[in-house]
>>> print(open('input_0.tsv').read())   # TSV, C-alpha atoms and all ligand atoms
chain	number	residue	atom	x	y	z
A	9	MET	CA	-5.59	-36.40	-3.04
A	10	SER	CA	-2.06	-36.53	-4.38
A	11	GLU	CA	-0.60	-33.84	-6.60
A	12	SER	CA	-0.90	-34.85	-10.25
A	13	THR	CA	2.17	-36.00	-12.14
A	14	SER	CA	0.06	-36.37	-15.28
A	15	ASN	CA	0.88	-33.87	-18.01
A	16	SER	CA	-2.78	-33.48	-19.02
A	17	LEU	CA	-5.03	-31.94	-16.40
A	18	ASP	CA	-8.07	-29.80	-17.08
A	19	PHE	CA	-8.50	-26.39	-15.44
A	20	ARG	CA	-11.16	-27.55	-12.99
A	21	THR	CA	-9.05	-30.47	-11.72
A	22	ALA	CA	-5.89	-28.37	-11.59
A	23	LEU	CA	-7.71	-25.77	-9.51
A	24	LYS	CA	-9.12	-28.42	-7.14
A	25	GLN	CA	-5.69	-29.98	-6.67
A	26	GLY	CA	-4.12	-26.57	-6.09
A	27	ILE	CA	-6.68	-25.63	-3.44
A	28	HIS	CA	-6.13	-28.99	-1.74
A	29	LEU	CA	-2.33	-28.57	-1.73
A	30	LEU	CA	-2.58	-25.07	-0.19
A	31	ARG	CA	-5.23	-26.14	2.32
A	32	GLU	CA	-2.99	-28.98	3.52
A	33	ALA	CA	-0.24	-26.37	4.05
A	34	ARG	CA	-2.72	-24.13	5.98
A	35	VAL	CA	-2.30	-21.25	3.54
A	36	PRO	CA	-4.90	-18.52	4.20
A	37	SER	CA	-7.37	-17.77	1.35
A	38	ASP	CA	-6.36	-21.05	-0.32
A	39	THR	CA	-9.04	-20.94	-3.05
A	40	LEU	CA	-8.21	-17.39	-4.12
A	41	ALA	CA	-4.45	-18.09	-4.07
A	42	ALA	CA	-4.77	-21.25	-6.21
A	43	GLU	CA	-7.03	-19.43	-8.65
A	44	LEU	CA	-4.67	-16.43	-8.96
A	45	LEU	CA	-1.67	-18.71	-9.57
A	46	LEU	CA	-3.56	-20.74	-12.18
A	47	LEU	CA	-4.69	-17.58	-13.98
A	48	HIS	CA	-1.15	-16.20	-13.79
A	49	VAL	CA	0.58	-19.20	-15.41
A	50	THR	CA	-2.10	-19.62	-18.09
A	51	ARG	CA	-2.49	-15.85	-18.73
A	52	ARG	CA	-6.27	-16.25	-18.59
A	53	ASP	CA	-8.89	-14.30	-16.65
A	54	ARG	CA	-11.57	-15.57	-14.25
A	55	THR	CA	-14.37	-15.35	-16.81
A	56	TRP	CA	-12.43	-17.58	-19.17
A	57	LEU	CA	-11.55	-20.03	-16.40
A	58	TYR	CA	-15.16	-20.60	-15.38
A	59	ALA	CA	-16.36	-20.75	-19.00
A	60	HIS	CA	-13.77	-23.42	-20.00
A	61	PRO	CA	-13.26	-25.71	-16.99
A	62	GLU	CA	-12.75	-28.79	-19.22
A	63	GLU	CA	-9.91	-27.23	-21.26
A	64	LEU	CA	-6.56	-28.97	-20.79
A	65	LEU	CA	-3.54	-27.09	-19.46
A	66	ASP	CA	-0.39	-27.48	-21.49
A	67	PRO	CA	2.36	-29.44	-19.68
A	68	GLN	CA	4.62	-26.40	-19.24
A	69	ALA	CA	1.84	-24.35	-17.60
A	70	LEU	CA	0.99	-27.30	-15.37
A	71	GLU	CA	4.59	-27.62	-14.23
A	72	SER	CA	4.87	-23.86	-13.52
A	73	TYR	CA	1.55	-23.95	-11.64
A	74	PHE	CA	2.63	-26.74	-9.28
A	75	SER	CA	6.01	-25.10	-8.80
A	76	LEU	CA	4.31	-21.82	-7.74
A	77	LEU	CA	1.86	-23.74	-5.51
A	78	ARG	CA	4.80	-25.33	-3.68
A	79	ARG	CA	6.46	-21.93	-3.20
A	80	ARG	CA	3.17	-20.50	-1.88
A	81	ALA	CA	2.79	-23.50	0.45
A	82	ALA	CA	6.33	-22.78	1.75
A	83	GLY	CA	5.30	-19.19	2.66
A	84	GLU	CA	6.01	-16.91	-0.33
A	85	PRO	CA	3.16	-14.41	-0.74
A	86	THR	CA	0.93	-14.96	-3.79
A	87	GLN	CA	1.69	-11.39	-4.92
A	88	HIS	CA	5.45	-12.15	-5.05
A	89	LEU	CA	4.67	-15.11	-7.30
A	90	THR	CA	2.36	-13.22	-9.65
A	91	GLY	CA	4.29	-9.93	-9.31
A	92	LYS	CA	1.17	-7.80	-8.90
A	93	GLN	CA	-1.54	-6.48	-6.58
A	94	GLU	CA	-4.58	-4.32	-7.22
A	95	PHE	CA	-5.05	-1.11	-5.24
A	96	TRP	CA	-7.67	1.59	-5.85
A	97	GLY	CA	-8.65	-0.16	-9.11
A	98	LEU	CA	-5.08	0.00	-10.46
A	99	GLU	CA	-2.64	-2.88	-10.93
A	100	PHE	CA	0.69	-2.37	-9.14
A	101	GLU	CA	3.94	-4.18	-9.71
A	102	VAL	CA	4.99	-5.89	-6.49
A	103	THR	CA	8.49	-7.08	-5.55
A	104	PRO	CA	10.09	-8.15	-2.25
A	105	ASP	CA	11.49	-4.57	-1.97
A	106	ILE	CA	8.12	-3.04	-1.10
A	107	LEU	CA	5.16	-3.63	1.18
A	108	ILE	CA	2.35	-5.36	-0.71
A	109	PRO	CA	-0.44	-2.74	-0.89
A	110	ARG	CA	-3.24	-3.65	1.57
A	111	PRO	CA	-6.96	-3.03	1.07
A	112	GLU	CA	-7.25	-1.17	4.40
A	113	THR	CA	-4.84	1.49	3.08
A	114	GLU	CA	-7.57	2.52	0.63
A	115	HIS	CA	-9.31	4.11	3.66
A	116	LEU	CA	-6.48	6.70	3.71
A	117	ILE	CA	-7.39	7.78	0.19
A	118	GLU	CA	-11.10	7.96	1.09
A	119	VAL	CA	-10.41	10.07	4.20
A	120	ALA	CA	-8.05	12.35	2.25
A	121	LEU	CA	-10.60	13.00	-0.50
A	122	ASP	CA	-13.46	13.49	1.99
A	123	ARG	CA	-11.53	15.91	4.18
A	124	LEU	CA	-10.20	17.90	1.22
A	125	ALA	CA	-13.77	18.22	-0.11
A	126	VAL	CA	-15.03	19.38	3.32
A	127	ARG	CA	-12.27	22.01	3.44
A	128	GLU	CA	-13.39	23.30	0.03
A	129	LEU	CA	-17.03	23.45	1.17
A	130	ARG	CA	-16.06	25.33	4.34
A	131	SER	CA	-14.24	27.89	2.24
A	132	GLY	CA	-17.29	28.32	0.01
A	133	ARG	CA	-15.62	26.64	-2.96
A	134	ASP	CA	-16.84	23.80	-5.20
A	135	PRO	CA	-16.22	20.52	-3.33
A	136	LYS	CA	-15.65	18.73	-6.66
A	137	LEU	CA	-11.89	18.51	-6.40
A	138	THR	CA	-9.39	18.56	-9.20
A	139	GLY	CA	-6.45	19.19	-6.87
A	140	GLU	CA	-5.82	22.58	-8.47
A	141	GLY	CA	-3.43	24.51	-6.20
A	142	LEU	CA	-2.84	21.55	-3.86
A	143	THR	CA	0.62	20.27	-2.91
A	144	ILE	CA	0.69	16.79	-1.41
A	145	VAL	CA	3.37	14.53	0.05
A	146	ASP	CA	3.10	10.75	0.51
A	147	VAL	CA	5.72	9.75	3.09
A	148	GLY	CA	7.09	6.18	2.84
A	149	THR	CA	5.58	5.59	-0.57
A	150	GLY	CA	6.68	1.94	-1.01
A	151	SER	CA	4.96	0.71	-4.19
A	152	GLY	CA	3.73	4.28	-4.77
A	153	CYS	CA	0.13	3.14	-4.28
A	154	ILE	CA	-1.04	6.14	-2.21
A	155	ALA	CA	0.68	8.80	-4.33
A	156	ILE	CA	-0.55	7.21	-7.56
A	157	ALA	CA	-4.15	6.76	-6.32
A	158	LEU	CA	-4.17	10.47	-5.33
A	159	ALA	CA	-2.69	11.44	-8.71
A	160	LYS	CA	-5.57	9.55	-10.34
A	161	GLU	CA	-8.22	11.27	-8.22
A	162	LEU	CA	-6.70	14.77	-8.17
A	163	PRO	CA	-5.48	15.38	-11.71
A	164	ALA	CA	-4.26	18.93	-11.04
A	165	ALA	CA	-2.46	18.33	-7.70
A	166	LYS	CA	1.31	18.57	-7.34
A	167	ILE	CA	2.47	15.37	-5.64
A	168	TYR	CA	5.73	14.39	-3.92
A	169	ALA	CA	6.51	10.90	-2.66
A	170	THR	CA	9.39	9.98	-0.35
A	171	ASP	CA	10.95	6.76	0.86
A	172	ILE	CA	14.11	5.92	2.77
A	173	SER	CA	14.60	2.87	0.55
A	174	ALA	CA	16.13	3.44	-2.90
A	175	GLU	CA	14.89	-0.01	-3.96
A	176	ALA	CA	11.30	0.85	-3.01
A	177	LEU	CA	11.52	4.17	-4.88
A	178	ALA	CA	12.62	2.31	-8.02
A	179	VAL	CA	9.48	0.14	-7.84
A	180	ALA	CA	7.27	3.19	-7.15
A	181	GLU	CA	8.72	5.04	-10.14
A	182	ARG	CA	8.14	2.03	-12.41
A	183	ASN	CA	4.54	1.85	-11.20
A	184	ALA	CA	4.04	5.56	-11.88
A	185	ILE	CA	5.45	5.12	-15.39
A	186	HIS	CA	3.37	2.01	-16.22
A	187	LEU	CA	0.18	3.58	-14.89
A	188	GLY	CA	0.81	6.89	-16.67
A	189	TYR	CA	1.36	9.20	-13.67
A	190	SER	CA	5.13	9.72	-13.71
A	191	ASN	CA	4.88	13.34	-14.90
A	192	ARG	CA	2.63	14.12	-11.91
A	193	ILE	CA	4.76	12.76	-9.04
A	194	THR	CA	8.23	13.75	-7.83
A	195	PHE	CA	9.93	10.83	-6.05
A	196	LEU	CA	12.60	11.65	-3.46
A	197	ARG	CA	14.85	9.54	-1.26
A	198	SER	CA	14.36	11.00	2.19
A	199	ASP	CA	14.19	10.12	5.87
A	200	LEU	CA	10.51	11.04	6.44
A	201	VAL	CA	10.27	14.64	5.13
A	202	SER	CA	13.82	15.76	5.94
A	203	ALA	CA	14.46	16.31	2.20
A	204	PHE	CA	12.19	19.34	2.41
A	205	SER	CA	14.21	21.10	5.09
A	206	SER	CA	17.81	19.95	4.70
A	207	SER	CA	19.95	22.45	2.84
A	208	SER	CA	22.55	19.75	2.11
A	209	TYR	CA	20.03	17.56	0.31
A	210	GLN	CA	19.97	17.98	-3.46
A	211	SER	CA	16.25	18.13	-4.08
A	212	PRO	CA	14.07	20.27	-6.30
A	213	VAL	CA	12.19	21.59	-3.27
A	214	THR	CA	15.05	22.50	-0.90
A	215	ASN	CA	14.50	26.19	-1.27
A	216	HIS	CA	10.75	26.23	-0.81
A	217	GLN	CA	9.13	27.84	2.18
A	218	SER	CA	8.85	25.31	5.00
A	219	ARG	CA	5.03	25.31	5.40
A	220	PHE	CA	4.50	24.05	1.95
A	221	PHE	CA	2.03	21.14	1.91
A	222	ASP	CA	-1.77	21.03	1.90
A	223	LEU	CA	-1.77	17.31	2.69
A	224	LEU	CA	0.77	14.98	4.29
A	225	ILE	CA	-0.31	11.35	4.07
A	226	CYS	CA	1.59	8.36	5.41
A	227	ASN	CA	1.24	4.66	6.04
A	228	PRO	CA	4.33	4.26	8.24
A	229	PRO	CA	5.91	1.01	9.38
A	230	TYR	CA	3.97	0.39	12.59
A	231	ILE	CA	4.59	-3.15	13.78
A	232	GLY	CA	6.63	-3.59	16.98
A	233	ARG	CA	9.80	-5.68	16.64
A	234	LYS	CA	8.72	-7.38	19.83
A	235	GLU	CA	5.69	-8.71	17.90
A	236	SER	CA	7.73	-10.14	15.01
A	237	THR	CA	7.36	-13.76	16.10
A	238	THR	CA	3.57	-13.45	15.97
A	239	LEU	CA	3.54	-12.38	12.32
A	240	PRO	CA	2.50	-14.77	9.54
A	241	ILE	CA	5.53	-16.24	7.75
A	242	GLU	CA	4.56	-14.57	4.45
A	243	VAL	CA	4.88	-11.18	6.15
A	244	ARG	CA	7.81	-11.77	8.54
A	245	ASP	CA	10.08	-13.61	6.11
A	246	HIS	CA	9.09	-11.97	2.82
A	247	GLU	CA	8.24	-8.27	3.25
A	248	PRO	CA	11.00	-5.68	3.90
A	249	PRO	CA	11.71	-5.10	7.62
A	250	SER	CA	12.00	-1.35	6.94
A	251	ALA	CA	8.38	-1.39	5.72
A	252	LEU	CA	7.11	-3.41	8.69
A	253	TYR	CA	8.79	-2.30	11.92
A	254	GLY	CA	8.41	1.15	13.43
A	255	GLY	CA	10.71	0.28	16.35
A	256	GLU	CA	10.61	-2.05	19.35
A	257	GLU	CA	7.05	-0.96	20.23
A	258	GLY	CA	5.88	-0.12	16.70
A	259	TYR	CA	4.63	3.46	17.12
A	260	GLU	CA	8.06	5.17	17.32
A	261	LEU	CA	8.00	6.65	13.81
A	262	TYR	CA	4.78	8.58	14.51
A	263	GLY	CA	6.69	10.45	17.24
A	264	GLN	CA	9.22	11.66	14.66
A	265	LEU	CA	6.79	12.29	11.81
A	266	ILE	CA	4.05	14.28	13.56
A	267	PRO	CA	6.33	17.19	14.68
A	268	GLN	CA	7.86	17.26	11.16
A	269	ALA	CA	4.35	17.36	9.67
A	270	ALA	CA	3.49	20.32	11.92
A	271	LEU	CA	6.51	22.20	10.50
A	272	HIS	CA	5.70	21.44	6.88
A	273	LEU	CA	1.90	21.71	6.62
A	274	LYS	CA	0.25	24.98	5.68
A	275	PRO	CA	-2.37	26.40	8.07
A	276	SER	CA	-5.46	24.12	7.68
A	277	GLY	CA	-3.23	21.52	6.01
A	278	LEU	CA	-4.26	17.92	6.57
A	279	LEU	CA	-2.33	15.12	8.25
A	280	ILE	CA	-3.58	11.63	7.40
A	281	LEU	CA	-1.96	8.61	9.05
A	282	GLU	CA	-2.62	4.89	8.86
A	283	LEU	CA	-2.67	3.22	12.28
A	284	GLY	CA	-1.64	-0.25	13.36
A	285	HIS	CA	-4.30	-2.40	15.03
A	286	ASP	CA	-3.30	-1.12	18.49
A	287	SER	CA	-1.53	2.20	17.70
A	288	LEU	CA	-4.32	4.65	18.51
A	289	ALA	CA	-3.70	4.94	22.26
A	290	ALA	CA	-0.03	5.82	21.69
A	291	VAL	CA	-0.55	8.07	18.66
A	292	ARG	CA	-3.65	10.13	19.56
A	293	PRO	CA	-1.88	12.11	22.35
A	294	LEU	CA	0.71	13.24	19.78
A	295	VAL	CA	-1.96	15.17	17.89
A	296	GLU	CA	-3.83	16.38	20.98
A	297	THR	CA	-1.57	19.45	21.03
A	298	PRO	CA	-2.08	23.12	20.05
A	299	GLU	CA	-0.67	22.46	16.54
A	300	TRP	CA	-3.63	20.24	15.61
A	301	THR	CA	-7.40	20.50	15.47
A	302	ASN	CA	-10.43	18.63	14.07
A	303	LEU	CA	-9.10	15.18	14.97
A	304	LEU	CA	-10.91	12.29	13.35
A	305	VAL	CA	-10.49	8.54	13.80
A	306	THR	CA	-11.86	6.34	11.02
A	307	ASN	CA	-12.40	2.60	11.47
A	308	ASP	CA	-11.68	0.01	8.80
A	309	LEU	CA	-14.21	-2.61	7.69
A	310	ALA	CA	-13.17	-4.84	10.59
A	311	GLY	CA	-14.01	-2.04	13.05
A	312	ILE	CA	-10.33	-1.35	13.86
A	313	PRO	CA	-9.34	2.35	14.24
A	314	ARG	CA	-7.31	2.56	11.02
A	315	VAL	CA	-6.92	6.22	10.05
A	316	LEU	CA	-6.08	9.18	12.27
A	317	SER	CA	-6.51	12.52	10.58
A	318	ALA	CA	-6.12	16.08	11.83
A	319	GLU	CA	-5.86	19.64	10.57
A	320	ARG	CA	-2.94	21.94	11.24
A	321	THR	CA	-4.04	24.96	13.26
A	322	ARG	CA	-3.43	28.41	11.85
A	323	ALA	CA	-0.85	29.33	14.51
J	1	LIG	C1	4.16	0.35	5.70
J	1	LIG	S1	5.12	0.71	4.26
J	1	LIG	C2	3.92	1.63	3.31
J	1	LIG	C3	4.14	1.55	1.84
J	1	LIG	C4	3.01	2.20	1.01
J	1	LIG	N1	2.87	3.61	1.30
J	1	LIG	C5	1.70	1.51	1.29
J	1	LIG	O1	0.82	2.10	1.94
J	1	LIG	O2	1.52	0.35	0.86
J	1	LIG	C6	6.21	1.92	4.91
J	1	LIG	C7	7.20	2.52	3.92
J	1	LIG	O3	7.94	3.53	4.62
J	1	LIG	C8	9.30	3.44	4.26
J	1	LIG	N2	10.07	4.00	5.38
J	1	LIG	C9	10.44	3.41	6.54
J	1	LIG	N3	11.10	4.28	7.32
J	1	LIG	C10	11.14	5.45	6.65
J	1	LIG	C11	11.69	6.74	6.92
J	1	LIG	N4	12.32	6.99	8.07
J	1	LIG	N5	11.55	7.70	6.00
J	1	LIG	C12	10.91	7.46	4.82
J	1	LIG	N6	10.38	6.26	4.50
J	1	LIG	C13	10.49	5.28	5.41
J	1	LIG	C14	9.56	1.98	4.00
J	1	LIG	O4	10.69	1.81	3.16
J	1	LIG	C15	8.22	1.57	3.35
J	1	LIG	O5	8.29	1.70	1.95
>>> encode(input="input_0.tsv", output="structure tokens", more="lines below")
Ligand SMILES: C[S@@+](CC[C@H](N)C(=O)[O-])C[C@H]1O[C@@H](n2cnc3c(N)ncnc32)[C@H](O)[C@@H]1O
Amino acid sequence: MSESTSNSLDFRTALKQGIHLLREARVPSDTLAAELLLLHVTRRDRTWLYAHPEELLDPQALESYFSLLRRRAAGEPTQHLTGKQEFWGLEFEVTPDILIPRPETEHLIEVALDRLAVRELRSGRDPKLTGEGLTIVDVGTGSGCIAIALAKELPAAKIYATDISAEALAVAERNAIHLGYSNRITFLRSDLVSAFSSSSYQSPVTNHQSRFFDLLICNPPYIGRKESTTLPIEVRDHEPPSALYGGEEGYELYGQLIPQAALHLKPSGLLILELGHDSLAAVRPLVETPEWTNLLVTNDLAGIPRVLSAERTRA
């Protein structure tokens, strides 16, 4: 099938041609990508698309659609072309400055909420959490997806979000504003959580006591630079290296973050970390120390150990 040069194609035919073009280019999830691009250029939703397959696309929409299909076929991620990605039921703005939120990261939110509820139960309190009295930090916030999902679920929690990238923080702050959570989250440029201990850093929390957080949550960059050639082109050439690579091996940042977390978490505070597909063996020993207890490894839907969580001991 050749790409249409006609300026009158109906939705069904446009979708079929789009899927074919992406399939020829070996784009993963070709049907979903073609559908998302078609919906994006026509500003329609799926229900409308399947109710009106015979409707003609206007020539301008058709031209934009094929232009986006060609960019997707050349490797640009669909989310960079549509500018958005859903996470935890919320729509996030996505740009090349941030990691595109991934579905497996939602497991971090689930583990955080479960473990916070268990802590409440253990203390004889109501496990229905509002976040009252809780102080949380999301380290390496990127799009802001973790901090904002937690702000949604824990309406009374005080939330900080850090990133080393000023460009990423700008996207996260826009997402917090658009989604209505900007008054709930303090965004800080920081190398991991150094902003909370450095006296030279101008931050609103510099003078707080050091063991300050009830929850430190982080999806760090965890891919090894040595693996970069094995990455799909849409990841390697289009997502920010600072969001992908944790070092030559991949797990280096955990070695810096875990001791910092031990300094900053309150007794019984929770550490929740996303793991790369093969990070567990390197990361688990870092929390098998006297500072940590109640270790838990949670698998993702593919059965990969995806979340490592632990509780700060009282000492
Ligand atoms: C894997 S992305 C995660 C983004 C987002 N939290 C998510 O789950 O989609 C890692 C993020 O950590 C940030 N980052 C990398 N090194 C950092 C550091 N030393 N301190 C703070 N943030 C860092 C990157 O800029 C990036 O936004």
>>> atom_distance(input="input_0.tsv", atom1="atom CA of Thr170 of chain A", atom2="atom CA of Leu294 of chain A")
22.2 Å
>>> closest_atom_pairs(input="input_0.tsv", of="chain A", to="ligand LIG 1 (chain J)", cutoff="7 Å", atoms="all atoms listed in the file", output="JSON lines")
{"residue": "A:Ile106", "atom": "CA", "partner": "J:LIG1", "partner_atom": "O5", "distance": 5.6}
{"residue": "A:Leu107", "atom": "CA", "partner": "J:LIG1", "partner_atom": "C3", "distance": 5.3}
{"residue": "A:Ile108", "atom": "CA", "partner": "J:LIG1", "partner_atom": "O2", "distance": 6.0}
{"residue": "A:Pro109", "atom": "CA", "partner": "J:LIG1", "partner_atom": "O2", "distance": 4.1}
{"residue": "A:Arg110", "atom": "CA", "partner": "J:LIG1", "partner_atom": "O2", "distance": 6.3}
{"residue": "A:Thr113", "atom": "CA", "partner": "J:LIG1", "partner_atom": "O1", "distance": 5.8}
{"residue": "A:Val147", "atom": "CA", "partner": "J:LIG1", "partner_atom": "C12", "distance": 5.9}
{"residue": "A:Gly148", "atom": "CA", "partner": "J:LIG1", "partner_atom": "O3", "distance": 3.3}
{"residue": "A:Thr149", "atom": "CA", "partner": "J:LIG1", "partner_atom": "N1", "distance": 3.8}
{"residue": "A:Gly150", "atom": "CA", "partner": "J:LIG1", "partner_atom": "O5", "distance": 3.4}
{"residue": "A:Ser151", "atom": "CA", "partner": "J:LIG1", "partner_atom": "C4", "distance": 5.8}
{"residue": "A:Gly152", "atom": "CA", "partner": "J:LIG1", "partner_atom": "N1", "distance": 6.2}
{"residue": "A:Cys153", "atom": "CA", "partner": "J:LIG1", "partner_atom": "O2", "distance": 6.0}
{"residue": "A:Ile154", "atom": "CA", "partner": "J:LIG1", "partner_atom": "N1", "distance": 5.8}
{"residue": "A:Thr170", "atom": "CA", "partner": "J:LIG1", "partner_atom": "C12", "distance": 5.9}
{"residue": "A:Asp171", "atom": "CA", "partner": "J:LIG1", "partner_atom": "N6", "distance": 3.7}
{"residue": "A:Ile172", "atom": "CA", "partner": "J:LIG1", "partner_atom": "C12", "distance": 4.1}
{"residue": "A:Ser173", "atom": "CA", "partner": "J:LIG1", "partner_atom": "O4", "distance": 4.8}
{"residue": "A:Ala176", "atom": "CA", "partner": "J:LIG1", "partner_atom": "O5", "distance": 5.9}
{"residue": "A:Ser198", "atom": "CA", "partner": "J:LIG1", "partner_atom": "C12", "distance": 5.6}
{"residue": "A:Asp199", "atom": "CA", "partner": "J:LIG1", "partner_atom": "N5", "distance": 3.6}
{"residue": "A:Leu200", "atom": "CA", "partner": "J:LIG1", "partner_atom": "N5", "distance": 3.5}
{"residue": "A:Cys226", "atom": "CA", "partner": "J:LIG1", "partner_atom": "N1", "distance": 6.4}
{"residue": "A:Asn227", "atom": "CA", "partner": "J:LIG1", "partner_atom": "O1", "distance": 4.9}
{"residue": "A:Pro228", "atom": "CA", "partner": "J:LIG1", "partner_atom": "C6", "distance": 4.5}
{"residue": "A:Pro229", "atom": "CA", "partner": "J:LIG1", "partner_atom": "C1", "distance": 4.1}
{"residue": "A:Tyr230", "atom": "CA", "partner": "J:LIG1", "partner_atom": "C1", "distance": 6.9}
{"residue": "A:Ser250", "atom": "CA", "partner": "J:LIG1", "partner_atom": "C9", "distance": 5.0}
{"residue": "A:Ala251", "atom": "CA", "partner": "J:LIG1", "partner_atom": "C15", "distance": 3.8}
{"residue": "A:Leu252", "atom": "CA", "partner": "J:LIG1", "partner_atom": "C1", "distance": 5.6}
>>> residues_around(input="input_0.tsv", residues="segment 299-301 of chain A", least_positions_apart="4", cutoff="12 Å", atoms="all atoms listed in the file", output="list in words")
Ile266, Pro267, Gln268, Ala269, Ala270, Leu271, His272, Leu273, Lys274, Pro275, Ser276, Gly277, Leu278, Leu279, Ile280, Arg292, Pro293, Leu294, Val295, Leu316, Ser317, Ala318, Glu319, Arg320, Thr321, Arg322 and Ala323 of chain A
>>> closest_residue(input="input_0.tsv", among="A:Pro111, A:Glu99, A:Lys166, A:Pro61", to="Gly188 of chain A", atoms="all atoms listed in the file")
A:Glu99
>>> atom_distance(input="input_0.tsv", atom1="atom CA of Glu128 of chain A", atom2="atom CA of Arg192 of chain A")
22.0 Å
>>> closest_atom_pairs(input="input_0.tsv", of="segment 144-175 of chain A", to="segment 220-225 of chain A", cutoff="7 Å", atoms="all atoms listed in the file", output="CSV")
residue,atom,partner,partner_atom,distance
A:Ile144,CA,A:Leu223,CA,4.8
A:Val145,CA,A:Leu224,CA,5.0
A:Asp146,CA,A:Ile225,CA,5.0
A:Val147,CA,A:Ile225,CA,6.3
>>> atom_distance(input="input_0.tsv", atom1="atom CA of Glu112 of chain A", atom2="atom CA of Asp308 of chain A")
6.4 Å
>>> residues_near_point(input="input_0.tsv", point="(-2.0, -32.0, -14.1)", cutoff="12 Å", atoms="all atoms listed in the file", output="PyMOL selection string")
chain A and resi 10-26+46+63-75
>>> residues_around(input="input_0.tsv", residues="segment 82-89 of chain A", least_positions_apart="3", cutoff="12 Å", atoms="all atoms listed in the file", output="ChimeraX atom specification")
/A:29-30,32-49,72-79,92-94,99-110,239-247
>>> write_last_selection(input="input_0.tsv", atoms="C-alpha atoms", output="short mmCIF file (atom, residue, chain, number, x, y, z; two decimals), in the coordinates of the input")
data_model
loop_
_atom_site.label_atom_id
_atom_site.label_comp_id
_atom_site.auth_asym_id
_atom_site.auth_seq_id
_atom_site.Cartn_x
_atom_site.Cartn_y
_atom_site.Cartn_z
CA LEU A 29 -2.33 -28.57 -1.73
CA LEU A 30 -2.58 -25.07 -0.19
CA GLU A 32 -2.99 -28.98 3.52
CA ALA A 33 -0.24 -26.37 4.05
CA ARG A 34 -2.72 -24.13 5.98
CA VAL A 35 -2.30 -21.25 3.54
CA PRO A 36 -4.90 -18.52 4.20
CA SER A 37 -7.37 -17.77 1.35
CA ASP A 38 -6.36 -21.05 -0.32
CA THR A 39 -9.04 -20.94 -3.05
CA LEU A 40 -8.21 -17.39 -4.12
CA ALA A 41 -4.45 -18.09 -4.07
CA ALA A 42 -4.77 -21.25 -6.21
CA GLU A 43 -7.03 -19.43 -8.65
CA LEU A 44 -4.67 -16.43 -8.96
CA LEU A 45 -1.67 -18.71 -9.57
CA LEU A 46 -3.56 -20.74 -12.18
CA LEU A 47 -4.69 -17.58 -13.98
CA HIS A 48 -1.15 -16.20 -13.79
CA VAL A 49 0.58 -19.20 -15.41
CA SER A 72 4.87 -23.86 -13.52
CA TYR A 73 1.55 -23.95 -11.64
CA PHE A 74 2.63 -26.74 -9.28
CA SER A 75 6.01 -25.10 -8.80
CA LEU A 76 4.31 -21.82 -7.74
CA LEU A 77 1.86 -23.74 -5.51
CA ARG A 78 4.80 -25.33 -3.68
CA ARG A 79 6.46 -21.93 -3.20
CA LYS A 92 1.17 -7.80 -8.90
CA GLN A 93 -1.54 -6.48 -6.58
CA GLU A 94 -4.58 -4.32 -7.22
CA GLU A 99 -2.64 -2.88 -10.93
CA PHE A 100 0.69 -2.37 -9.14
CA GLU A 101 3.94 -4.18 -9.71
CA VAL A 102 4.99 -5.89 -6.49
CA THR A 103 8.49 -7.08 -5.55
CA PRO A 104 10.09 -8.15 -2.25
CA ASP A 105 11.49 -4.57 -1.97
CA ILE A 106 8.12 -3.04 -1.10
CA LEU A 107 5.16 -3.63 1.18
CA ILE A 108 2.35 -5.36 -0.71
CA PRO A 109 -0.44 -2.74 -0.89
CA ARG A 110 -3.24 -3.65 1.57
CA LEU A 239 3.54 -12.38 12.32
CA PRO A 240 2.50 -14.77 9.54
CA ILE A 241 5.53 -16.24 7.75
CA GLU A 242 4.56 -14.57 4.45
CA VAL A 243 4.88 -11.18 6.15
CA ARG A 244 7.81 -11.77 8.54
CA ASP A 245 10.08 -13.61 6.11
CA HIS A 246 9.09 -11.97 2.82
CA GLU A 247 8.24 -8.27 3.25
#
>>> closest_residue(input="input_0.tsv", among="A:Ala125, A:Ala174, A:Pro298, A:Leu281", to="Arg314 of chain A", atoms="all atoms listed in the file")
A:Leu281
